[in-house]
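A.B. asks: Quick one: this structure, given as structure tokens, is what I'll be asking you about.
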Amino acid sequence: MAQQYKRLWITGLLFFIALGIELLYIKSYPVRYFISPDGYLYSNIAENFLQGKGLMNTVNFAEGVNHVVQAFPKTRDYVIGPVYPLLLALIYGVFGFKSYAMVVMVLHGVLGAVSAVLAFKTGELLFGKRYGWIPYVLTLGYPLFAFWGMYVLTETTYVLAIWLFLYYSARYAREISRPKLTTLLILGVVIGVSNLVRPLLLLYFPVLGFWIFWMKGWRLKQALRDFMLILFMTVVVMSPWWIRNELKYHQFIAVSNYGSYEFYLGNNPRTITNSYFVMDQPSYDPAVKARIDKLPLLEQEKEYKSLGVSYILSHPVLFLERTFAKEKNLFWQPVSPEDGQSYKMKGSFLDKWYLLLGLSGIILSIIWLKKYSFLLLYILYYSFIVSMISVVSGGRYRLPVMPAMILLGSLGFVLLLQGAGKLLGRRGSVQRRLA
């Protein structure tokens with residue numbers, strides 16, 4: 001019992017230290033928050049929910065002259081994963097509508113601190129109790145986590161969801177011979193909740209199934225049991241949202257009802273693979289876009305999706321080449337000094353060093369491939385899926401992969417400390433014998 005209280009006390013202390021650092025970072029910016037059209041959209045949905053209108057938007061937003069966001073009459077009903085709007089509604093219920101600064105300080109500050117604690121806990125599982133502080137410190141020291149937490153966006157919430165996913169994946173890997181039922185069920189819940197924030201793990205199940213099958217020593221019956229339990233809980237968590245969308249829109253909407261245009265931008269004969277600001281690049285056929293823009297909005301989504309899928313199926317080799325080019329030229333590129341200055345980031349120069357640290361960890365982890373395989377597979381999956389779907393930059397869109405990179409980057413520090421400990425232990429033993 002005393003040991004349990006000690007662990008709780010340490011966890012609490014780590015949380016409040018992390019929260020203090022998060023708030024110091026937030027206070028270091030001259031502005032109290034950043035908000036974009038997406039942020040206003042989330043906020044509008046949260047306000048409507050509190051007013052009894054449900055999780056729906058009543059206005060649309062766009063960025064106008066001088067980057068000023070303007071509201072205009074609703075032209076489409078955006079279906080967005082419910083988790084982040086509900087968290088905004090919680091903050092608005094306590095502090096009032098449009099309390100954006102409190103979203104950043106209270107919601108994002110707390111979630112960022114919890115992420116750091118999860119980094120500590122996951123580090124303990126992977127490296128031992130003496131080394132959990134390494135990913136904890138690296139997480140708090142990565143400036144882009146805090147920077148994107150200044151925006152009223154899903155980034156901080158989604159990064160927390162990924163930390164939970166990696167933590168329970170590590171627990172499952174540790175219990176692989178006899179996994180606890182609670183570990184399997186919670187892992188399914190975490191994947192489901194993650195998808196209801198941003199649906200980027202929806203396609204992960206083939207990778208997950210392969211990993212479990214391999215970890216189980218190719219024993220199909222045991223692997224299938226674990227996989228089906230995880231899948232079942234994911235479906236249980238997501239199914240209320242599916243039922244709601246079916247009843248309201250009379251169609252199956254897994255999470256969101258938009259994004260097909262970005263998918264088309266990333267997958268058509270004109271797609272450019274080395275520039276992410278899509279408004280500046282001719283990544284689509286203007287004649288095709290002009291034709292589709294005359295269609296109703298739902299038809300536009302279907303048409304863009306159909307064109308993107310058709311391109312992939314008819315050009316599979318070129319599709320893979322373009323996707324890997326987008327990974328190389330965009331996803332894995334560190335934040336440039338120009339982007340750092342443009343966005344007024346602090347400490348963005350550290351991004352390249354974190355990427356190099358993660359790369360060194362990837363190389364080292366190959367020696368212990370089975371132990372760290374879930375991190376490697378997640379990194380490969382996520383970078384491919386994001387680069388496949390659209391044309392996006394590193395920085396923000398790479399943010400959810402950085403927890404895995406930090407964990408692998410911690411491996412080098414762990415090996416150095418273990419080596420130093422053994423060396424010092426030998427010297428101490430020799431000195432004692434000589435004495």
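By order in the structure tokens, chains are A, B, ...; within a chain, residues start at 1; ligands start at 1, following the order shown.
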Excluding Glu262 of chain A and its own-chain neighbours fewer than 5 positions away, which residues fall within 9 Å of it when counting only C-alpha atoms? Please give them as an MDAnalysis selection string.
C.D. replies: chainID A and resid 267 278 304 389:391
A.B. asks: Write the residues of the selection above to a file with N, CA and C atoms, as a PDB file, in the first residue's frame.
C.D. replies:
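Now in part.pdb:
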ATOM      1  N   ASN A 267      -3.737  13.198 -54.924  1.00  0.00           N
ATOM      2  CA  ASN A 267      -3.744  12.004 -55.778  1.00  0.00           C
ATOM      3  C   ASN A 267      -4.432  12.288 -57.106  1.00  0.00           C
ATOM      4  N   VAL A 278      -1.244  24.390 -50.693  1.00  0.00           N
ATOM      5  CA  VAL A 278      -1.989  23.959 -51.877  1.00  0.00           C
ATOM      6  C   VAL A 278      -2.576  25.123 -52.662  1.00  0.00           C
ATOM      7  N   TYR A 304     -14.740  13.970 -55.922  1.00  0.00           N
ATOM      8  CA  TYR A 304     -13.310  14.116 -55.627  1.00  0.00           C
ATOM      9  C   TYR A 304     -12.723  12.811 -55.090  1.00  0.00           C
ATOM     10  N   ILE A 389      -2.690  10.594 -48.241  1.00  0.00           N
ATOM     11  CA  ILE A 389      -3.988  11.253 -48.296  1.00  0.00           C
ATOM     12  C   ILE A 389      -3.909  12.610 -48.982  1.00  0.00           C
ATOM     13  N   SER A 390      -2.899  13.394 -48.660  1.00  0.00           N
ATOM     14  CA  SER A 390      -2.901  14.759 -49.153  1.00  0.00           C
ATOM     15  C   SER A 390      -1.485  15.274 -49.341  1.00  0.00           C
ATOM     16  N   VAL A 391      -1.370  16.585 -49.515  1.00  0.00           N
ATOM     17  CA  VAL A 391      -0.087  17.272 -49.628  1.00  0.00           C
ATOM     18  C   VAL A 391       0.028  18.161 -48.393  1.00  0.00           C
TER      19      VAL A 391
END
A.B. asks: Considering only C-alpha atoms, tabulate each residue of segment 102-152 of chain A that lies at most 8 Å from segment 170-175 of chain A along with its nearest interatomic pair and the corresponding distance in Å to one decimal; arrange the rows by chain and ascending residue number and present them as a tab-separated table.
C.D. replies:
residue	atom	partner	partner_atom	distance
A:Thr122	CA	A:Ala170	CA	6.9
A:Leu125	CA	A:Ala170	CA	6.7
A:Leu126	CA	A:Ala170	CA	7.1
A.B. asks: If we count only C-alpha atoms, what is near Val190 of chain A at a cut-off of 9 Å, once residues fewer than 6 positions away on the same chain are taken out, given as a PyMOL selection string?
C.D. replies: chain A and resi 161-162+164-165+168+233-234+237
A.B. asks: Write a file of the selected residues as a tab-separated table (two decimals), in the first residue's frame, keeping N, CA, C and O atoms.
C.D. replies:
chain	number	residue	atom	x	y	z
A	161	ALA	N	-4.12	11.29	-27.35
A	161	ALA	CA	-4.70	10.01	-27.77
A	161	ALA	C	-3.62	9.07	-28.28
A	161	ALA	O	-3.66	7.85	-28.01
A	162	ILE	N	-2.65	9.60	-29.01
A	162	ILE	CA	-1.56	8.76	-29.52
A	162	ILE	C	-0.67	8.27	-28.38
A	162	ILE	O	-0.22	7.11	-28.37
A	164	LEU	N	-1.67	7.63	-25.37
A	164	LEU	CA	-2.43	6.54	-24.77
A	164	LEU	C	-2.33	5.27	-25.61
A	164	LEU	O	-2.16	4.17	-25.08
A	165	PHE	N	-2.43	5.43	-26.91
A	165	PHE	CA	-2.32	4.28	-27.83
A	165	PHE	C	-0.95	3.61	-27.69
A	165	PHE	O	-0.86	2.37	-27.60
A	168	TYR	N	-0.62	1.80	-24.13
A	168	TYR	CA	-1.31	0.50	-24.01
A	168	TYR	C	-0.77	-0.52	-25.01
A	168	TYR	O	-0.85	-1.73	-24.77
A	233	MET	N	-14.02	-3.56	-29.29
A	233	MET	CA	-14.13	-2.37	-28.45
A	233	MET	C	-14.04	-1.09	-29.26
A	233	MET	O	-14.71	-0.09	-28.95
A	234	THR	N	-13.24	-1.10	-30.32
A	234	THR	CA	-13.19	0.07	-31.20
A	234	THR	C	-14.55	0.33	-31.82
A	234	THR	O	-15.03	1.47	-31.87
A	237	VAL	N	-17.06	1.73	-29.27
A	237	VAL	CA	-16.83	3.16	-28.98
A	237	VAL	C	-17.32	4.04	-30.14
A	237	VAL	O	-17.93	5.09	-29.91
A.B. asks: Between A:Ile10, A:Phe34, A:Tyr92, A:Trp211, which is the closest to Gly149 of chain A once you count only C-alpha atoms?
C.D. replies: A:Phe34
A.B. asks: As an MDAnalysis selection string, list the residues of segment 197-414 of chain A assigned to helix (DSSP H, G or I) by DSSP on the backbone atoms of this structure.
C.D. replies: chainID A and resid 197 205:215 220:249 260:266 278:280 286:292 297:314 316:331 337:342 350:389 395:414
A.B. asks: Leaving out Trp242 of chain A and any residue of its chain fewer than 2 positions from it, which residues lie within 12 Å of it when counting only C-alpha atoms, given as an mmCIF file with C-alpha atoms, in the first residue's frame?
C.D. replies:
data_model
loop_
_atom_site.group_PDB
_atom_site.id
_atom_site.type_symbol
_atom_site.label_atom_id
_atom_site.label_comp_id
_atom_site.auth_asym_id
_atom_site.auth_seq_id
_atom_site.Cartn_x
_atom_site.Cartn_y
_atom_site.Cartn_z
ATOM 1 C CA VAL A 79 -19.628 16.462 -39.643
ATOM 2 C CA ILE A 80 -16.560 16.472 -37.391
ATOM 3 C CA GLY A 81 -15.329 13.931 -34.843
ATOM 4 C CA PRO A 82 -17.216 14.712 -31.603
ATOM 5 C CA GLY A 192 -11.872 4.295 -31.042
ATOM 6 C CA LEU A 196 -13.281 10.252 -33.014
ATOM 7 C CA VAL A 235 -16.529 -0.619 -32.902
ATOM 8 C CA VAL A 236 -18.402 -0.268 -29.589
ATOM 9 C CA VAL A 237 -16.833 3.159 -28.981
ATOM 10 C CA MET A 238 -17.417 4.451 -32.517
ATOM 11 C CA SER A 239 -20.827 2.920 -33.242
ATOM 12 C CA PRO A 240 -22.919 5.597 -31.427
ATOM 13 C CA ARG A 244 -26.193 9.226 -35.096
ATOM 14 C CA ASN A 245 -24.850 10.046 -38.556
ATOM 15 C CA GLU A 246 -27.043 7.418 -40.201
ATOM 16 C CA LEU A 247 -30.160 8.759 -38.491
ATOM 17 C CA LYS A 248 -29.332 12.410 -39.212
ATOM 18 C CA TYR A 249 -27.785 12.233 -42.704
ATOM 19 C CA HIS A 250 -29.102 8.863 -43.980
ATOM 20 C CA GLN A 251 -25.631 7.721 -44.971
ATOM 21 C CA PHE A 252 -22.686 6.015 -43.333
ATOM 22 C CA ILE A 253 -20.146 8.595 -42.150
ATOM 23 C CA ALA A 254 -17.276 6.956 -40.278
ATOM 24 C CA VAL A 255 -16.116 10.196 -38.629
ATOM 25 C CA SER A 256 -16.190 13.236 -40.963
ATOM 26 C CA ASN A 257 -17.916 14.177 -44.208
#
A.B. asks: Pick out the residues sitting within 9 Å of segment 289-300 of chain A, and hand them over as a list in words; count only C-alpha atoms, and ignore anything fewer than 3 positions along from it in its own chain.
C.D. replies: Thr75, Arg76, Asn257, Tyr258, Ser260, Tyr261, Tyr284, Asp285, Pro286, Glu303, Tyr304 and Lys305 of chain A
A.B. asks: Print the selection's residues with N, CA, C and O atoms to a file, as a PDB file, in the first residue's frame.
C.D. replies:
ATOM      1  N   THR A  75     -23.293  27.163 -45.664  1.00  0.00           N
ATOM      2  CA  THR A  75     -23.487  26.559 -46.977  1.00  0.00           C
ATOM      3  C   THR A  75     -23.389  25.044 -46.934  1.00  0.00           C
ATOM      4  O   THR A  75     -23.781  24.376 -47.890  1.00  0.00           O
ATOM      5  N   ARG A  76     -22.833  24.506 -45.850  1.00  0.00           N
ATOM      6  CA  ARG A  76     -22.764  23.056 -45.718  1.00  0.00           C
ATOM      7  C   ARG A  76     -22.710  22.684 -44.248  1.00  0.00           C
ATOM      8  O   ARG A  76     -22.280  23.471 -43.400  1.00  0.00           O
ATOM      9  N   ASN A 257     -17.337  14.192 -42.863  1.00  0.00           N
ATOM     10  CA  ASN A 257     -17.916  14.177 -44.208  1.00  0.00           C
ATOM     11  C   ASN A 257     -17.214  15.153 -45.146  1.00  0.00           C
ATOM     12  O   ASN A 257     -17.824  15.664 -46.083  1.00  0.00           O
ATOM     13  N   TYR A 258     -15.964  15.445 -44.871  1.00  0.00           N
ATOM     14  CA  TYR A 258     -15.217  16.327 -45.763  1.00  0.00           C
ATOM     15  C   TYR A 258     -13.776  15.824 -45.841  1.00  0.00           C
ATOM     16  O   TYR A 258     -13.386  14.920 -45.125  1.00  0.00           O
ATOM     17  N   SER A 260     -12.386  15.127 -49.041  1.00  0.00           N
ATOM     18  CA  SER A 260     -12.169  14.494 -50.342  1.00  0.00           C
ATOM     19  C   SER A 260     -11.383  15.392 -51.293  1.00  0.00           C
ATOM     20  O   SER A 260     -10.621  14.909 -52.130  1.00  0.00           O
ATOM     21  N   TYR A 261     -11.585  16.718 -51.173  1.00  0.00           N
ATOM     22  CA  TYR A 261     -10.852  17.620 -52.057  1.00  0.00           C
ATOM     23  C   TYR A 261      -9.354  17.546 -51.780  1.00  0.00           C
ATOM     24  O   TYR A 261      -8.538  17.495 -52.709  1.00  0.00           O
ATOM     25  N   TYR A 284      -4.257  20.511 -59.378  1.00  0.00           N
ATOM     26  CA  TYR A 284      -5.495  19.938 -59.879  1.00  0.00           C
ATOM     27  C   TYR A 284      -5.763  20.493 -61.268  1.00  0.00           C
ATOM     28  O   TYR A 284      -5.187  21.503 -61.685  1.00  0.00           O
ATOM     29  N   ASP A 285      -6.621  19.841 -61.977  1.00  0.00           N
ATOM     30  CA  ASP A 285      -7.024  20.281 -63.305  1.00  0.00           C
ATOM     31  C   ASP A 285      -8.123  21.341 -63.136  1.00  0.00           C
ATOM     32  O   ASP A 285      -9.212  21.026 -62.642  1.00  0.00           O
ATOM     33  N   PRO A 286      -7.882  22.593 -63.546  1.00  0.00           N
ATOM     34  CA  PRO A 286      -8.894  23.653 -63.350  1.00  0.00           C
ATOM     35  C   PRO A 286     -10.229  23.335 -64.011  1.00  0.00           C
ATOM     36  O   PRO A 286     -11.289  23.683 -63.462  1.00  0.00           O
ATOM     37  N   GLU A 303     -17.374  12.926 -55.838  1.00  0.00           N
ATOM     38  CA  GLU A 303     -16.646  12.996 -57.099  1.00  0.00           C
ATOM     39  C   GLU A 303     -15.147  13.099 -56.863  1.00  0.00           C
ATOM     40  O   GLU A 303     -14.353  12.418 -57.520  1.00  0.00           O
ATOM     41  N   TYR A 304     -14.740  13.970 -55.922  1.00  0.00           N
ATOM     42  CA  TYR A 304     -13.310  14.116 -55.627  1.00  0.00           C
ATOM     43  C   TYR A 304     -12.723  12.811 -55.090  1.00  0.00           C
ATOM     44  O   TYR A 304     -11.621  12.406 -55.458  1.00  0.00           O
ATOM     45  N   LYS A 305     -13.473  12.145 -54.215  1.00  0.00           N
ATOM     46  CA  LYS A 305     -13.015  10.870 -53.668  1.00  0.00           C
ATOM     47  C   LYS A 305     -12.878   9.834 -54.785  1.00  0.00           C
ATOM     48  O   LYS A 305     -11.889   9.091 -54.848  1.00  0.00           O
TER      49      LYS A 305
END
A.B. asks: Measuring between only C-alpha atoms, which one of A:Phe213, A:Phe72, A:Phe147, A:Phe227 shows the shortest distance to Arg396 of chain A?
C.D. replies: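 Result for the nearest residue to Arg396 of chain A: A:Phe147.
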A.B. asks: Nearest to Phe97 of chain A: which of A:Leu50, A:Leu19, A:Leu160, A:Met56 is it, counting only C-alpha atoms?
C.D. replies: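 Residue with the minimum atom-to-atom distance to Phe97 of chain A: A:Leu50.
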A.B. asks: Identify, on the basis of only C-alpha atoms, every residue whose closest approach to Met102 of chain A does not exceed 9 Å; exclude the query and any residue fewer than 6 positions from it along the same chain; express the result as an NGL selection string.
C.D. replies: :A and (32-33 or 91-92 or 95 or 108)
